[in-house]
Amino acid sequence: MSEPRIVCRFSCGAASAVATKLALAQFDRDRIVITYSNPGSEHPDNIRFLADCQRWFNHEIVILKSDKYDDTWDVFEKERFLVGQNGAKCTGLLKRAPTYEFQRPGDILVFGYTFEEKGRAASFRKQNFEQPLLTPLIEAGLTKADCLAMIERAGIELPAMYRLGYHNNNCIGCVKGGMGYWNKIRRDFPETYERMAALQRELGPGSYFWRERKTKERISLDALDPDRGNHDEEPNIECSLLCHAAEATIADDDCEAA
């Protein structure tokens, strides 16, 4: 019986890229499959970043795409729903569904949970106890800042959304973002802000992202004060000593693959 596949969930983010690179260094490359679920609404620079990472990995990235929806806007308009207490449908329909269709029983998954996200990884394992999961960044003690630094030192330009100061390389105009995030979108991508505001007008108050704490009144993008919220600067590009140990592992693998 052949060994199960090791499926690296590459998301065009720095953490998932480093997690994938570490997995390639630690396991038989013939067992590894790298997937990217393309939601269709991310920054166009992600295509460049994906190509750069594919060269760094020296391994093909399999691009998965919904055959029902073109992008997040297609989901919003067809489903008539943005986000609620149980999250956003776009994540499930554009990312999870194509991934689950691709997945085989017995696959071992590799996620880019960083050291700060040990709790998230523990929750995933508890809720999905039957699913084997590898978290190489946590095992290596690597933080998000470490991953950003390692990508830069590998000679790969960070994705545009990081360079613009966003914390994650998500779709432009993520419905799960806070007030500070959306005010930054208003400045950086005004056409996206207006498109979402227009969609909220069409769908009504049930589509508004936030409520006032005291009055519980819903707040639309049209009513959002440009000074509300605080989107912090991106993490400092700094590296811990654990970075160098991880890079030594990667360098050994690169020598063997050459």
# chains A, B, ... in the order shown; residues from 1 in each chain; ligands from 1

$ residues_around --residues "Ile156 in chain A" --least-positions-apart "5" --cutoff "10 Å" --atoms "only C-alpha atoms" --output "ChimeraX atom specification"
/A:48-49,52-53,56,148,150-151

$ residues_around --residues "Thr249 in chain A" --least-positions-apart "3" --cutoff "12 Å" --atoms "only C-alpha atoms" --output "JSON, numbers by chain"
{"A": [18, 21, 22, 23, 24, 25, 26, 27, 136, 140, 242, 243, 244, 245, 246, 252, 253, 254, 255, 256]}

$ write_last_selection --atoms "C-alpha atoms" --output "compact mmCIF listing (two decimals), in the first residue's frame"
# COMPACT_ATOMS: atom_id res chain seq x y z
CA VAL A 18 7.18 28.78 4.49
CA LYS A 21 8.85 24.84 1.97
CA LEU A 22 9.51 23.17 5.32
CA ALA A 23 7.27 20.21 4.43
CA LEU A 24 9.18 19.75 1.18
CA ALA A 25 12.41 19.68 3.19
CA GLN A 26 11.11 17.19 5.75
CA PHE A 27 9.17 14.63 3.70
CA PRO A 136 5.58 22.74 10.70
CA ALA A 140 9.73 25.17 14.39
CA LEU A 242 14.41 29.90 15.13
CA CYS A 243 14.24 31.31 11.60
CA HIS A 244 17.85 30.41 10.97
CA ALA A 245 17.36 26.80 12.09
CA ALA A 246 14.41 26.47 9.73
CA ASP A 252 19.88 21.22 3.07
CA ASP A 253 16.83 20.22 1.03
CA ASP A 254 17.65 22.71 -1.72
CA CYS A 255 21.13 21.20 -2.03
CA GLU A 256 19.69 17.71 -2.36

$ closest_residue --among "A:Ala223, A:Leu109, A:Ala145, A:Cys90" --to "Ser41 in chain A" --atoms "only C-alpha atoms"
A:Cys90

$ residues_around --residues "range 85-89 of chain A" --least-positions-apart "3" --cutoff "8 Å" --atoms "only C-alpha atoms" --output "number ranges by chain"
A: 75, 81-82, 92-93, 175-176

$ atom_distance --atom1 "CA of Lys184 in chain A" --atom2 "CA of Ile63 in chain A"
29.3 Å

$ select_by_dssp --residues "range 104-201 of chain A" --states "alpha helix (DSSP H)" --output "ChimeraX atom specification"
/A:118-127,136-140,144-153,160-163,179-188,190-201

$ closest_residue --among "A:Arg201, A:His43, A:Arg96, A:His59" --to "Ala160 in chain A" --atoms "only C-alpha atoms"
A:His43

$ closest_residue --among "A:Leu224, A:Val33, A:Gly173, A:Asp71" --to "Phe102 in chain A" --atoms "only C-alpha atoms"
A:Val33

$ closest_residue --among "A:Met179, A:Ile185, A:Ala149, A:Leu203" --to "Arg228 in chain A" --atoms "only C-alpha atoms"
A:Met179

$ select_by_dssp --residues "range 5-37 of chain A" --states "strand (DSSP E or B)" --output "PyMOL selection string"
chain A and resi 6-9+32-37

$ write_last_selection --atoms "N, CA and C atoms" --output "mmCIF file, in the first residue's frame"
data_model
loop_
_atom_site.group_PDB
_atom_site.id
_atom_site.type_symbol
_atom_site.label_atom_id
_atom_site.label_comp_id
_atom_site.auth_asym_id
_atom_site.auth_seq_id
_atom_site.Cartn_x
_atom_site.Cartn_y
_atom_site.Cartn_z
ATOM 1 N N ILE A 6 0.692 13.994 1.208
ATOM 2 C CA ILE A 6 0.843 15.119 2.116
ATOM 3 C C ILE A 6 0.431 16.353 1.314
ATOM 4 N N VAL A 7 -0.706 16.936 1.663
ATOM 5 C CA VAL A 7 -1.280 18.026 0.884
ATOM 6 C C VAL A 7 -1.023 19.353 1.601
ATOM 7 N N CYS A 8 -0.200 20.190 0.985
ATOM 8 C CA CYS A 8 0.119 21.502 1.541
ATOM 9 C C CYS A 8 -0.900 22.510 1.046
ATOM 10 N N ARG A 9 -1.600 23.166 1.959
ATOM 11 C CA ARG A 9 -2.601 24.166 1.603
ATOM 12 C C ARG A 9 -1.910 25.536 1.447
ATOM 13 N N ILE A 32 4.208 14.689 -1.752
ATOM 14 C CA ILE A 32 3.670 16.024 -1.494
ATOM 15 C C ILE A 32 2.907 16.578 -2.688
ATOM 16 N N VAL A 33 1.718 17.123 -2.396
ATOM 17 C CA VAL A 33 0.912 17.844 -3.374
ATOM 18 C C VAL A 33 0.659 19.240 -2.795
ATOM 19 N N ILE A 34 0.893 20.264 -3.592
ATOM 20 C CA ILE A 34 0.659 21.638 -3.152
ATOM 21 C C ILE A 34 -0.565 22.169 -3.890
ATOM 22 N N THR A 35 -1.542 22.663 -3.141
ATOM 23 C CA THR A 35 -2.756 23.189 -3.763
ATOM 24 C C THR A 35 -2.953 24.656 -3.405
ATOM 25 N N TYR A 36 -3.572 25.357 -4.317
ATOM 26 C CA TYR A 36 -3.964 26.747 -4.088
ATOM 27 C C TYR A 36 -5.407 26.901 -4.550
ATOM 28 N N SER A 37 -6.288 27.236 -3.619
ATOM 29 C CA SER A 37 -7.692 27.464 -3.959
ATOM 30 C C SER A 37 -7.860 28.933 -4.320
#

$ residues_around --residues "Ser220 in chain A" --least-positions-apart "5" --cutoff "9 Å" --atoms "only C-alpha atoms" --output "ChimeraX atom specification"
/A:197,200-201,205,207-211

$ atom_distance --atom1 "CA of Lys78 in chain A" --atom2 "CA of Leu199 in chain A"
11.9 Å
